[in-house]
Amino acid sequence: MIVQQIVIFSVLVLTFALFVWGRLRYDVVAVLALLVVTLAGLVPAREAFLGFGHPAVITVAAVLILSRGLMNSGLIDGITSLFLKVGRNPTAQVAALAGITACFSMFMNNVGALAVMLPVAVQISRKSGRSPYYLLMPIAFGSLLGGLMTMIGTPPNIIIAMARAKSGAEPFAMFDFAPVGVGAAAAGLFFISVVGWRLIPVRKGRTATEELFRIEDYLTEIRVTKDSPLAGERLSAIKKLKDVQVNVVGIGRGKRKIAAPSPREVLEAGDILVVEADSDDLEKFLRASKFELAEEKKLGKDILGSEDIGLHEAVLMSDSPLIGNTALGLNLRRRHDLNLLAVARKGVRLKGRLAVLRFQAGDILLFSGPREAFQESFQRLGCLPLFRKNIGFGKPQRVFLGAAIFSFGIAAAALGVLPVPVALMAAAAAMVLAGLVSVREIYDSVDWPVIVLLGAMIPVGRALETSGGVESIVGLIVRFTGDMPPSASLVILLVGTMFLSDVINNAATAVLMAPVAISLATSLGVSADPFLMAVAVGASCAFLTPVGHQSNTLVMGPAGYRFGDYWRLGLPLEIIIVLASVPLILRHWPL
């Protein structure tokens with residue numbers, strides 16, 4: 001048993017280190033951990049992949065599909081459109097936006113709720129003439145707080161609900177989390193709205209995306225001369241020039257403007273090319289092509305602001321296939337009909353060759369391309385748009401249909417008519433049959449890295465139990481608290497879960513800490529319910545770092561936050577959550 005504990009703790013320490021390192025995606029790390037514990041004999045080979053059929057995994061997938069159906073129905077857009085008219089007072093703006101984000105997050109995936117409100121927050125900040133720094137962290141934190149209130153609000157709650165069955169009781173129901181979650185979320189939102197947003201450091205310099213991406217900063221207009229060796233050649237001939245990276249995004253030929261020109265377009269003397277290139281490449285290109293700089297610099301705006309071609313900014317999500325790759329390697333122009341024009345990271349526009357730049361989560365990308373291609377391309381590329389136009393209610397029949405299907409699914413689960421996974425999956429299937437979610441969107445909606453993470457970590461968590469690792473952790477907590485009341489152990493478990501969730505995925509945190517909660521309660525001779533609730537709260541309150549939750553990562557680039565900015569608001573917020581939630585837990589789920 002001692003050898004098994006050494007193995008499982010070694011695997012967990014290495015797993016945590018890889019989670020924090022971030023070079024390998026968390027789902028890959030989880031699968032590697034599962035393989036190691038299986039090969040070490042801690043998990044029987046025949047049970048290694050049973051986690052993928054766990055009710056929590058099915059429920060998470062169903063919730064993600066339901067979230068897409070609600071957004072496609074137009075109901076969510078209709079509600080958010082009301083908040084575009086919020087006043088200019090920053091406290092009122094923070095309260096309204098963080099509050100509605102929390103409400104959405106009660107029934108949607110945290111990131112889905114943030115995705116809906118992020119463009120709204122950026123638009124409001126621009127209208128107010130402020131950087132979005134004061135709004136984006138509050139709505140990210142609001143998306144986490146909202147998840148505290150219902151079972152489907154966040155994956156940790158789903159995991160904890162199912163884990164309760166191990167203590168000999170029925171799984172937590174849909175709204176069993178509300179007595180604690182509503183009070184804790186209300187306290188957190190009040191603090192963020194009145195005081196918290198003022199604690200976010202104000203960064204000097206350009207952080208608003210409108211200032212980061214100015215056309216004159218990244219586009220140059222050059223004229224094709226008569227004596228150029230490229231005059232009369234196809235546009236594709238430019239690629240034959242050695243050691244030059246130039247991206248042609250448009251051509252002006254007299255009164256004609258050609259957006260996103262074909263490589264077969266023949267260059268004529270007098271053509272004005274709108275190009276994206278860094279200063280070194282531009283100098284080499286002008287020397288090799290014998291082109292000359294154009295005097296006017298209005299063509300770029302005309303071409304990129306046309307009816308068919310537009311500019312769009314997006315932030316990279318942590319599971320985007322772009323991360324770690326380059327625009328050149330992915331061939332964005334050919335595969336997705338998109339031109340990459342600029343990249344910003346942590347509030348600063350990056351210089352140098354964009355074609356060879358390796359993308360990171362949270363990067364802001366500026367694309368040009370056909371307007372109708374943006375939405376589908378962004379979904380495939382794992383990009384979250386920073387701006388959305390035409391926000392408003394969808395067709396009334398679709399709004400009603402989406403709301404009705406979702407309500408029936410929630411009611412069936414809450415009233416016990418059907419088991420939660422069955423009720424929610426049935427509602428998701430109804431969304432598909434009703435045409436609110438296409439077959440393709442089923443697979444686009446599901447956050448597959450989270451599904452793989454859960455499916456892999458559930459057996460790892462089981463190995464922690466069977467090896468005696470859970471008992472060792474519980475023994476340390478019991479010895480530390482000594483003769484103190486069980487509520488002291490509850491606080492230690494809550495705080496420990498919080499800090500663990502700040503550095504690793506919150507779903508993984510819940511998987512590992514749920515058996516610790518049950519075992520700790522058993523050793524103290526008290527009910528497991530308050531300890532499970534403590535884990536649910538702690539796992540969802542990752543406020544200290546940008547890596548604790550994907551919502552935190554997504555707002556880092558658009559607002560220009562730094563790693564150390566989060567704890568300034570996050571630390572007092574976590575203290576308030578502990579002070580608010582512990583009495584609520586002890587009152588509604590007595591020891």
# chains A, B, ... in the order shown; residues from 1 in each chain; ligands from 1

$ residues_around --residues "Thr15 (chain A)" --least-positions-apart "6" --cutoff "8 Å" --atoms "only C-alpha atoms" --output "count of residues only"
3

$ select_by_dssp --residues "region 314-508 of chain A" --states "alpha helix (DSSP H)" --output "JSON, numbers by chain"
{"A": [327, 328, 329, 330, 332, 333, 334, 335, 336, 374, 375, 376, 377, 378, 379, 380, 381, 396, 397, 398, 399, 400, 401, 402, 403, 404, 405, 406, 407, 408, 409, 410, 411, 412, 413, 414, 420, 421, 422, 423, 424, 425, 426, 427, 428, 429, 430, 431, 432, 433, 439, 440, 441, 442, 443, 444, 445, 448, 449, 450, 451, 452, 453, 454, 455, 456, 457, 458, 459, 460, 461, 462, 463, 464, 465, 466, 469, 470, 471, 472, 473, 474, 475, 476, 477, 478, 479, 480, 481, 486, 487, 488, 489, 490, 491, 492, 493, 494, 495, 496, 497, 498, 499, 500, 501, 506, 507, 508]}

$ residues_around --residues "region 315-328 of chain A" --least-positions-apart "4" --cutoff "8 Å" --atoms "only C-alpha atoms" --output "list in words"
Arg25, Leu332, Leu340, Leu354, Ala355, Val356, Leu357, Arg358, Phe359, Gln360, Ala361, Gly362, Asp363, Ile364, Leu365, Leu381, Gly382, Cys383, Leu384, Pro385, Leu386, Pro449, Gln550, Thr553, Leu554, Gly557 and Pro558 of chain A

$ closest_atom_pairs --of "region 335-452 of chain A" --to "region 161-169 of chain A" --cutoff "12 Å" --atoms "only C-alpha atoms" --output "Markdown table"
| residue | atom | partner | partner_atom | distance |
| --- | --- | --- | --- | --- |
| A:Pro419 | CA | A:Met162 | CA | 11.1 |
| A:Val420 | CA | A:Met162 | CA | 9.9 |
| A:Pro421 | CA | A:Met162 | CA | 10.4 |

$ write_last_selection --atoms "C-alpha atoms" --output "PDB file, in the first residue's frame"
ATOM      1  CA  PRO A 419     -32.399  11.097 -13.995  1.00  0.00           C
ATOM      2  CA  VAL A 420     -30.473  14.313 -14.625  1.00  0.00           C
ATOM      3  CA  PRO A 421     -28.218  12.963 -17.417  1.00  0.00           C
TER       4      PRO A 421
END

$ closest_residue --among "A:Arg345, A:Arg371, A:Arg353, A:Arg334" --to "Ala259 (chain A)" --atoms "only C-alpha atoms"
A:Arg371

$ atom_distance --atom1 "CA of Glu471 (chain A)" --atom2 "CA of Ala48 (chain A)"
22.3 Å

$ residues_around --residues "region 262-267 of chain A" --least-positions-apart "5" --cutoff "7 Å" --atoms "only C-alpha atoms" --output "PyMOL selection string"
chain A and resi 231-236

$ atom_distance --atom1 "CA of Thr545 (chain A)" --atom2 "CA of Val122 (chain A)"
21.5 Å

$ atom_distance --atom1 "CA of Ala113 (chain A)" --atom2 "CA of Ser143 (chain A)"
6.3 Å

$ closest_residue --among "A:Glu292, A:Ser487, A:Ile251, A:Phe172" --to "Val224 (chain A)" --atoms "only C-alpha atoms"
A:Glu292

$ select_by_dssp --residues "region 190-370 of chain A" --states "strand (DSSP E)" --output "number ranges by chain"
A: 220-223, 247-253, 256-259, 272-276, 292-293, 309-316, 339-345, 348-349, 364-370

$ write_last_selection --atoms "C-alpha atoms" --output "PDB file, in the first residue's frame"
ATOM      1  CA  THR A 220       1.090  49.722 -46.197  1.00  0.00           C
ATOM      2  CA  GLU A 221       0.071  50.794 -49.692  1.00  0.00           C
ATOM      3  CA  ILE A 222       2.589  50.340 -52.509  1.00  0.00           C
ATOM      4  CA  ARG A 223       2.406  51.071 -56.255  1.00  0.00           C
ATOM      5  CA  ASN A 247       0.612  39.420 -47.343  1.00  0.00           C
ATOM      6  CA  VAL A 248      -1.449  41.210 -50.021  1.00  0.00           C
ATOM      7  CA  VAL A 249      -4.939  41.903 -48.654  1.00  0.00           C
ATOM      8  CA  GLY A 250      -6.271  44.107 -51.427  1.00  0.00           C
ATOM      9  CA  ILE A 251      -5.624  45.761 -54.786  1.00  0.00           C
ATOM     10  CA  GLY A 252      -6.753  49.150 -56.060  1.00  0.00           C
ATOM     11  CA  ARG A 253      -6.963  49.494 -59.834  1.00  0.00           C
ATOM     12  CA  ARG A 256     -11.973  49.245 -58.890  1.00  0.00           C
ATOM     13  CA  LYS A 257     -11.168  47.765 -55.488  1.00  0.00           C
ATOM     14  CA  ILE A 258     -10.294  44.078 -55.248  1.00  0.00           C
ATOM     15  CA  ALA A 259     -10.580  42.644 -51.758  1.00  0.00           C
ATOM     16  CA  ILE A 272      -1.976  49.936 -55.606  1.00  0.00           C
ATOM     17  CA  LEU A 273      -1.318  46.928 -53.378  1.00  0.00           C
ATOM     18  CA  VAL A 274      -2.478  46.952 -49.760  1.00  0.00           C
ATOM     19  CA  VAL A 275       0.038  44.755 -47.949  1.00  0.00           C
ATOM     20  CA  GLU A 276       0.753  43.567 -44.415  1.00  0.00           C
ATOM     21  CA  GLU A 292       7.290  52.200 -54.644  1.00  0.00           C
ATOM     22  CA  LEU A 293       5.390  53.487 -51.650  1.00  0.00           C
ATOM     23  CA  ILE A 309     -14.953  42.160 -46.734  1.00  0.00           C
ATOM     24  CA  GLY A 310     -14.577  43.216 -43.134  1.00  0.00           C
ATOM     25  CA  LEU A 311     -12.296  43.281 -40.119  1.00  0.00           C
ATOM     26  CA  HIS A 312     -12.968  41.158 -37.103  1.00  0.00           C
ATOM     27  CA  GLU A 313     -11.141  40.764 -33.804  1.00  0.00           C
ATOM     28  CA  ALA A 314     -11.184  37.567 -31.774  1.00  0.00           C
ATOM     29  CA  VAL A 315      -9.468  36.141 -28.708  1.00  0.00           C
ATOM     30  CA  LEU A 316      -7.980  32.645 -28.751  1.00  0.00           C
ATOM     31  CA  ASN A 339      -6.034  37.044 -43.651  1.00  0.00           C
ATOM     32  CA  LEU A 340      -4.201  37.511 -40.373  1.00  0.00           C
ATOM     33  CA  LEU A 341      -3.401  41.217 -40.101  1.00  0.00           C
ATOM     34  CA  ALA A 342      -2.241  41.736 -36.529  1.00  0.00           C
ATOM     35  CA  VAL A 343      -1.765  39.993 -33.186  1.00  0.00           C
ATOM     36  CA  ALA A 344      -1.846  41.500 -29.699  1.00  0.00           C
ATOM     37  CA  ARG A 345      -0.725  39.792 -26.505  1.00  0.00           C
ATOM     38  CA  VAL A 348       0.517  45.005 -26.673  1.00  0.00           C
ATOM     39  CA  ARG A 349       0.481  44.612 -30.459  1.00  0.00           C
ATOM     40  CA  ILE A 364      -6.125  38.838 -29.781  1.00  0.00           C
ATOM     41  CA  LEU A 365      -6.118  38.268 -33.534  1.00  0.00           C
ATOM     42  CA  LEU A 366      -7.239  40.732 -36.188  1.00  0.00           C
ATOM     43  CA  PHE A 367      -8.536  39.081 -39.350  1.00  0.00           C
ATOM     44  CA  SER A 368      -9.837  40.342 -42.654  1.00  0.00           C
ATOM     45  CA  GLY A 369     -12.041  38.228 -44.842  1.00  0.00           C
ATOM     46  CA  PRO A 370     -15.560  37.704 -46.191  1.00  0.00           C
TER      47      PRO A 370
END

$ residues_around --residues "Val511 (chain A)" --least-positions-apart "3" --cutoff "12 Å" --atoms "only C-alpha atoms" --output "number ranges by chain"
A: 30, 51, 54, 56-57, 155-164, 453-465, 497, 500-501, 504-508, 514-518, 532, 535-536, 539

$ closest_atom_pairs --of "region 433-458 of chain A" --to "region 405-413 of chain A" --cutoff "12 Å" --atoms "only C-alpha atoms" --output "Markdown table"
| residue | atom | partner | partner_atom | distance |
| --- | --- | --- | --- | --- |
| A:Leu433 | CA | A:Ile405 | CA | 10.9 |
| A:Ala434 | CA | A:Ile405 | CA | 9.3 |
| A:Gly435 | CA | A:Ile405 | CA | 11.9 |
| A:Leu436 | CA | A:Ile405 | CA | 10.3 |

$ residues_around --residues "Ala40 (chain A)" --least-positions-apart "3" --cutoff "10 Å" --atoms "only C-alpha atoms" --output "NGL selection string"
:A and (4 or 7-8 or 34-37 or 43-44)
